[in-house]
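What follows is the content of data_0.pdb, which has PDB, C-alpha atoms:
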ATOM      1  CA  MET H 616    -142.994 285.120  75.103
ATOM      2  CA  VAL H 617    -146.062 287.348  75.458
ATOM      3  CA  PHE H 618    -145.583 290.077  78.068
ATOM      4  CA  HIS H 619    -148.473 290.896  80.376
ATOM      5  CA  ARG H 620    -146.897 294.351  80.674
ATOM      6  CA  GLN H 621    -143.590 295.846  79.636
ATOM      7  CA  ILE H 622    -140.613 295.985  82.018
ATOM      8  CA  PRO H 623    -140.419 299.605  83.297
ATOM      9  CA  GLN H 624    -137.420 301.775  82.483
ATOM     10  CA  GLY H 625    -134.683 301.640  85.139
ATOM     11  CA  PHE H 626    -135.672 298.211  86.464
ATOM     12  CA  LYS H 627    -133.351 295.227  86.303
ATOM     13  CA  VAL H 628    -134.561 291.617  86.029
ATOM     14  CA  LYS H 629    -133.239 289.702  89.065
ATOM     15  CA  THR H 630    -134.761 286.236  88.585
ATOM     16  CA  GLY H 631    -137.192 284.393  86.344
ATOM     17  CA  THR H 632    -139.296 281.388  87.287
ATOM     18  CA  VAL H 633    -141.069 279.140  84.782
ATOM     19  CA  ILE H 634    -144.492 278.003  86.070
ATOM     20  CA  PRO H 635    -146.065 275.171  84.039
ATOM     21  CA  GLU H 636    -149.876 275.198  83.942
ATOM     22  CA  ALA H 637    -152.615 273.193  82.225
ATOM     23  CA  GLU H 638    -153.061 275.660  79.350
ATOM     24  CA  GLY H 639    -149.372 276.357  78.836
ATOM     25  CA  GLY H 640    -147.194 278.133  81.305
ATOM     26  CA  TYR H 641    -145.993 281.408  82.733
ATOM     27  CA  ILE H 642    -142.695 283.103  83.452
ATOM     28  CA  SER H 643    -142.619 285.104  86.665
ATOM     29  CA  LEU H 644    -139.974 287.827  86.688
ATOM     30  CA  THR H 645    -138.594 289.511  89.805
ATOM     31  CA  LEU H 646    -137.521 293.102  89.202
ATOM     32  CA  GLU H 647    -135.228 295.435  91.115
ATOM     33  CA  SER H 648    -134.829 299.191  91.130
ATOM     34  CA  GLN H 649    -132.927 301.490  93.455
ATOM     35  CA  THR H 650    -135.271 304.405  92.675
ATOM     36  CA  VAL H 651    -138.346 302.924  94.416
ATOM     37  CA  PRO H 652    -138.652 304.494  97.896
ATOM     38  CA  VAL H 653    -139.136 302.235 100.930
ATOM     39  CA  THR H 654    -141.683 303.542 103.420
ATOM     40  CA  VAL H 655    -142.315 302.247 106.927
ATOM     41  CA  VAL H 656    -145.680 302.925 108.519
ATOM     42  CA  GLU H 657    -146.077 302.751 112.278
ATOM     43  CA  ILE H 658    -149.630 301.948 113.406
ATOM     44  CA  GLN H 659    -150.425 301.477 117.062
ATOM     45  CA  PRO H 660    -152.945 298.636 117.444
ATOM     46  CA  ILE H 661    -155.978 299.627 119.502
ATOM     47  CA  ALA H 662    -159.474 298.113 119.722
ATOM     48  CA  GLU H 663    -160.953 300.615 117.237
ATOM     49  CA  ASN H 664    -158.490 299.945 114.414
ATOM     50  CA  SER H 665    -157.902 296.199 114.947
ATOM     51  CA  ILE H 666    -159.703 292.996 114.016
ATOM     52  CA  SER H 667    -158.589 289.592 115.196
ATOM     53  CA  MET H 668    -159.411 286.450 113.266
ATOM     54  CA  ASP H 669    -159.785 282.858 114.439
ATOM     55  CA  LEU H 670    -159.684 280.282 111.651
ATOM     56  CA  GLY H 671    -162.254 277.512 111.698
ATOM     57  CA  ILE H 672    -163.709 274.703 109.612
ATOM     58  CA  THR H 673    -167.483 275.217 109.689
ATOM     59  CA  ASN H 674    -166.894 278.877 108.867
ATOM     60  CA  TYR H 675    -163.618 280.001 107.357
ATOM     61  CA  ALA H 676    -163.039 282.606 110.051
ATOM     62  CA  TYR H 677    -164.615 284.146 113.123
ATOM     63  CA  LEU H 678    -163.830 287.827 113.570
ATOM     64  CA  SER H 679    -163.548 289.750 116.834
ATOM     65  CA  ASN H 680    -166.318 292.138 115.755
ATOM     66  CA  GLY H 681    -168.797 289.213 115.634
ATOM     67  CA  GLU H 682    -168.744 288.624 111.870
ATOM     68  CA  GLN H 683    -168.207 285.226 110.324
ATOM     69  CA  VAL H 684    -166.590 284.525 106.970
ATOM     70  CA  GLU H 685    -168.228 281.623 105.165
ATOM     71  CA  ASN H 686    -166.096 278.615 104.210
ATOM     72  CA  ARG H 687    -166.575 278.155 100.469
ATOM     73  CA  ARG H 688    -165.418 274.490 100.369
ATOM     74  CA  PHE H 689    -164.078 274.619  96.815
ATOM     75  CA  LEU H 690    -162.671 271.095  96.776
ATOM     76  CA  ARG H 691    -165.908 269.589  98.144
ATOM     77  CA  GLN H 692    -167.933 271.397  95.444
ATOM     78  CA  TYR H 693    -165.952 269.849  92.614
ATOM     79  CA  SER H 694    -164.849 266.557  94.208
ATOM     80  CA  GLN H 695    -167.468 264.485  92.359
ATOM     81  CA  LYS H 696    -166.378 265.860  88.979
ATOM     82  CA  LEU H 697    -162.722 265.395  89.899
ATOM     83  CA  ALA H 698    -163.389 261.771  90.928
ATOM     84  CA  ARG H 699    -165.599 260.876  87.944
ATOM     85  CA  ARG H 700    -163.366 262.079  85.121
ATOM     86  CA  PRO H 701    -160.281 259.910  85.827
ATOM     87  CA  SER H 702    -162.482 256.796  85.729
ATOM     88  CA  LYS H 703    -163.714 257.904  82.297
ATOM     89  CA  LEU H 704    -160.096 258.479  81.292
ATOM     90  CA  ALA H 705    -159.236 254.876  82.160
ATOM     91  CA  SER H 706    -161.783 253.624  79.613
ATOM     92  CA  ARG H 707    -160.146 255.603  76.783
ATOM     93  CA  VAL H 708    -157.202 254.344  74.751
ATOM     94  CA  LYS H 709    -154.073 256.007  76.113
ATOM     95  CA  GLY H 710    -152.683 258.609  73.721
ATOM     96  CA  SER H 711    -155.820 258.763  71.545
ATOM     97  CA  LYS H 712    -157.544 262.063  70.711
ATOM     98  CA  PRO H 713    -160.497 261.482  73.142
ATOM     99  CA  TRP H 714    -157.960 260.577  75.862
ATOM    100  CA  LYS H 715    -156.026 263.813  75.272
ATOM    101  CA  ILE H 716    -159.210 265.904  75.305
ATOM    102  CA  LEU H 717    -160.388 264.354  78.581
ATOM    103  CA  LYS H 718    -156.887 264.660  80.088
ATOM    104  CA  GLY H 719    -156.942 268.385  79.248
ATOM    105  CA  LYS H 720    -160.391 268.794  80.861
ATOM    106  CA  ILE H 721    -159.176 267.057  84.027
ATOM    107  CA  SER H 722    -156.097 269.307  84.165
ATOM    108  CA  LYS H 723    -158.149 272.468  83.661
ATOM    109  CA  LEU H 724    -160.701 271.494  86.326
ATOM    110  CA  ALA H 725    -157.933 270.674  88.827
ATOM    111  CA  GLN H 726    -156.227 273.970  87.974
ATOM    112  CA  PHE H 727    -159.520 275.875  88.424
ATOM    113  CA  VAL H 728    -160.077 274.331  91.870
ATOM    114  CA  ALA H 729    -156.484 275.053  92.902
ATOM    115  CA  ARG H 730    -156.692 278.671  91.738
ATOM    116  CA  THR H 731    -160.011 279.361  93.467
ATOM    117  CA  ARG H 732    -158.759 277.755  96.687
ATOM    118  CA  GLY H 733    -155.591 279.836  96.521
ATOM    119  CA  ASP H 734    -157.372 283.066  95.609
ATOM    120  CA  PHE H 735    -159.941 283.042  98.428
ATOM    121  CA  PRO H 736    -157.477 283.416 101.371
ATOM    122  CA  PHE H 737    -155.981 286.500  99.694
ATOM    123  CA  LYS H 738    -159.277 288.208  98.812
ATOM    124  CA  THR H 739    -160.699 287.741 102.319
ATOM    125  CA  PRO H 740    -157.970 289.730 104.148
ATOM    126  CA  HIS H 741    -158.113 292.367 101.422
ATOM    127  CA  LYS H 742    -161.801 292.936 102.251
ATOM    128  CA  LEU H 743    -160.989 292.968 105.979
ATOM    129  CA  PHE H 744    -158.306 295.636 105.577
ATOM    130  CA  ASP H 745    -160.996 297.998 104.258
ATOM    131  CA  LYS H 746    -162.561 297.789 107.745
ATOM    132  CA  CYS H 747    -159.415 298.095 109.871
ATOM    133  CA  ASP H 748    -155.732 299.040 109.987
ATOM    134  CA  VAL H 749    -154.403 296.134 112.069
ATOM    135  CA  TRP H 750    -155.280 292.517 111.462
ATOM    136  CA  VAL H 751    -154.372 289.851 114.043
ATOM    137  CA  VAL H 752    -154.248 286.172 113.042
ATOM    138  CA  GLU H 753    -153.387 283.135 115.109
ATOM    139  CA  LYS H 754    -150.315 281.194 114.046
ATOM    140  CA  LEU H 755    -151.310 277.630 113.288
ATOM    141  CA  SER H 756    -149.340 274.559 112.387
ATOM    142  CA  LEU H 757    -151.511 273.027 109.673
ATOM    143  CA  LYS H 758    -149.160 270.069 109.521
ATOM    144  CA  LYS H 759    -149.953 269.255 113.143
ATOM    145  CA  ARG H 760    -153.691 269.927 112.693
ATOM    146  CA  SER H 761    -153.931 267.488 109.801
ATOM    147  CA  LYS H 762    -151.518 264.866 111.131
ATOM    148  CA  ARG H 763    -152.736 261.394 112.030
ATOM    149  CA  GLY H 764    -152.826 260.738 115.763
ATOM    150  CA  PRO H 765    -150.601 258.137 117.429
ATOM    151  CA  VAL H 766    -151.794 254.535 117.403
ATOM    152  CA  LYS H 767    -153.552 253.620 120.621
ATOM    153  CA  THR H 768    -152.857 250.028 121.666
ATOM    154  CA  ASP H 769    -153.979 247.705 124.416
ATOM    155  CA  ILE H 770    -152.855 244.247 125.491
ATOM    156  CA  GLU H 771    -155.518 241.539 125.315
ATOM    157  CA  ASP H 772    -154.563 237.904 125.888
ATOM    158  CA  GLY H 773    -150.885 238.809 125.525
ATOM    159  CA  ASN H 774    -151.402 240.375 122.048
ATOM    160  CA  LEU H 775    -151.244 244.036 121.078
ATOM    161  CA  VAL H 776    -154.604 245.270 119.780
ATOM    162  CA  ASP H 777    -155.094 248.592 117.992
ATOM    163  CA  LEU H 778    -157.987 250.492 119.520
ATOM    164  CA  PRO H 779    -160.138 252.768 117.343
ATOM    165  CA  LYS H 780    -159.330 256.465 117.750
ATOM    166  CA  GLY H 781    -161.751 257.842 115.179
ATOM    167  CA  GLN H 782    -159.088 258.140 112.463
ATOM    168  CA  ALA H 783    -161.705 257.775 109.711
ATOM    169  CA  ALA H 784    -163.465 260.867 111.040
ATOM    170  CA  LYS H 785    -160.088 262.608 111.385
ATOM    171  CA  SER H 786    -159.256 262.001 107.713
ATOM    172  CA  GLY H 787    -162.543 263.673 106.704
ATOM    173  CA  LEU H 788    -161.673 266.562 108.989
ATOM    174  CA  ASN H 789    -158.214 266.770 107.399
ATOM    175  CA  LYS H 790    -159.828 267.236 104.000
ATOM    176  CA  SER H 791    -161.932 270.094 105.385
ATOM    177  CA  ILE H 792    -158.909 271.693 107.080
ATOM    178  CA  LEU H 793    -156.851 271.581 103.898
ATOM    179  CA  ASP H 794    -159.831 272.585 101.710
ATOM    180  CA  ALA H 795    -160.063 275.903 103.573
ATOM    181  CA  ALA H 796    -156.538 276.690 102.253
ATOM    182  CA  SER H 797    -155.782 278.771 105.327
ATOM    183  CA  GLY H 798    -152.109 277.814 105.082
ATOM    184  CA  SER H 799    -151.622 280.094 102.130
ATOM    185  CA  ILE H 800    -152.133 283.288 104.188
ATOM    186  CA  TYR H 801    -148.997 282.763 106.286
TER     187      TYR H 801
END
What would the structure in this file look like if it were written as structure tokens?
Amino acid sequence: MVFHRQIPQGFKVKTGTVIPEAEGGYISLTLESQTVPVTVVEIQPIAENSISMDLGITNYAYLSNGEQVENRRFLRQYSQKLARRPSKLASRVKGSKPWKILKGKISKLAQFVARTRGDFPFKTPHKLFDKCDVWVVEKLSLKKRSKRGPVKTDIEDGNLVDLPKGQAAKSGLNKSILDAASGSIY
């Protein structure tokens, strides 16, 4: 095991989690020490030290001070590459050297997209905290936002008929909602 940094003196390893990745894997260790002080900071939210944020799709977020944070659309940027490579993989002989090389490229591209999508929602609030002390975010249920609507039916000639509810458009919207990766900030 190659350590990113050494375990400090006086700390005890509580848990370890193995995280498999495309280029190998990682072990995440949770440490504990009784010597680290716990501090509680009380900040009173007022208009001058607060920013509220409304999550969107066209833009990632709309801030109360009038700024907008651009939605980077990481999955949409790489969706053509992600769709093209598995079809190439199907034409290779399974288990052969070209198959393994292409499989590794697919894994690394998928991992790159996942990491950039996951990194963006953490870097954005970090930049916002340089501007304010209190940050207010709406609590959303992404499961409900991306859920398919109930089937709308009508009776014609004694038969149940499904009426169109724009579900094809909703599935495209779901991809945009999930591509923003706003669920990772909660």
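Distance-wise, atom CA of H:Ile721 and atom CA of H:Leu690 end up 13.8 Å apart.
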Quiz item: Neighbours of H:Glu657 within 12 Å (all atoms listed in the file; same-chain residues fewer than 3 positions away dropped), as a PyMOL selection string?
Solution: chain H and resi 654+660+748-749
Quiz prompt | Distance criterion (only C-alpha atoms): nearest to H:Val684 out of H:Gly625, H:Gly710, H:Gly671, H:Pro652 | solution = H:Gly671
Quiz item: Hey, can you pull every residue with an atom no more than 12 Å from (-155.2, 293.7, 110.9), using only C-alpha atoms, and send it as a ChimeraX atom specification?
Solution: /H:658-668,678-679,739-753
Quiz item: Which residues, written as a ChimeraX atom specification, have at least one atom at most 10 Å from H:Val617, with only C-alpha atoms counted and residues fewer than 3 positions away on the same chain left out?
Solution: /H:620-621,641-642
Quiz item: Interatomic distance between atom CA of H:Glu647 and atom CA of H:Val628?
Solution: 6.4 Å
Practice problem: Would you kindly translate the PyMOL selection byres ((chain H and resi 693) around 12) into the concrete residues it picks from this file, as a list in words? | Solution: Arg687, Arg688, Phe689, Leu690, Arg691, Gln692, Ser694, Gln695, Lys696, Leu697, Ala698, Arg699, Arg700, Ile721, Leu724, Ala725, Gln726, Phe727, Val728, Ala729, Thr731, Arg732 and Asp794 of chain H
Could you take the residues named above and write them with C-alpha atoms, as a tab-separated table (two decimals), in the frame of the given file?
chain	number	residue	atom	x	y	z
H	687	ARG	CA	-166.58	278.15	100.47
H	688	ARG	CA	-165.42	274.49	100.37
H	689	PHE	CA	-164.08	274.62	96.82
H	690	LEU	CA	-162.67	271.10	96.78
H	691	ARG	CA	-165.91	269.59	98.14
H	692	GLN	CA	-167.93	271.40	95.44
H	694	SER	CA	-164.85	266.56	94.21
H	695	GLN	CA	-167.47	264.48	92.36
H	696	LYS	CA	-166.38	265.86	88.98
H	697	LEU	CA	-162.72	265.40	89.90
H	698	ALA	CA	-163.39	261.77	90.93
H	699	ARG	CA	-165.60	260.88	87.94
H	700	ARG	CA	-163.37	262.08	85.12
H	721	ILE	CA	-159.18	267.06	84.03
H	724	LEU	CA	-160.70	271.49	86.33
H	725	ALA	CA	-157.93	270.67	88.83
H	726	GLN	CA	-156.23	273.97	87.97
H	727	PHE	CA	-159.52	275.88	88.42
H	728	VAL	CA	-160.08	274.33	91.87
H	729	ALA	CA	-156.48	275.05	92.90
H	731	THR	CA	-160.01	279.36	93.47
H	732	ARG	CA	-158.76	277.76	96.69
H	794	ASP	CA	-159.83	272.58	101.71
Practice problem: Could you please determine the separation between atom CA of H:Ile672 and atom CA of H:Leu788 in Å, to one decimal place? | Solution: 8.4 Å
Exercise. Please identify all polymer residues within 9 Å of H:Lys718, counting all atoms listed in the file, omitting same-chain residues fewer than 5 positions from it, and present them as a PyMOL selection string.
Key: chain H and resi 700-701+704+713+723
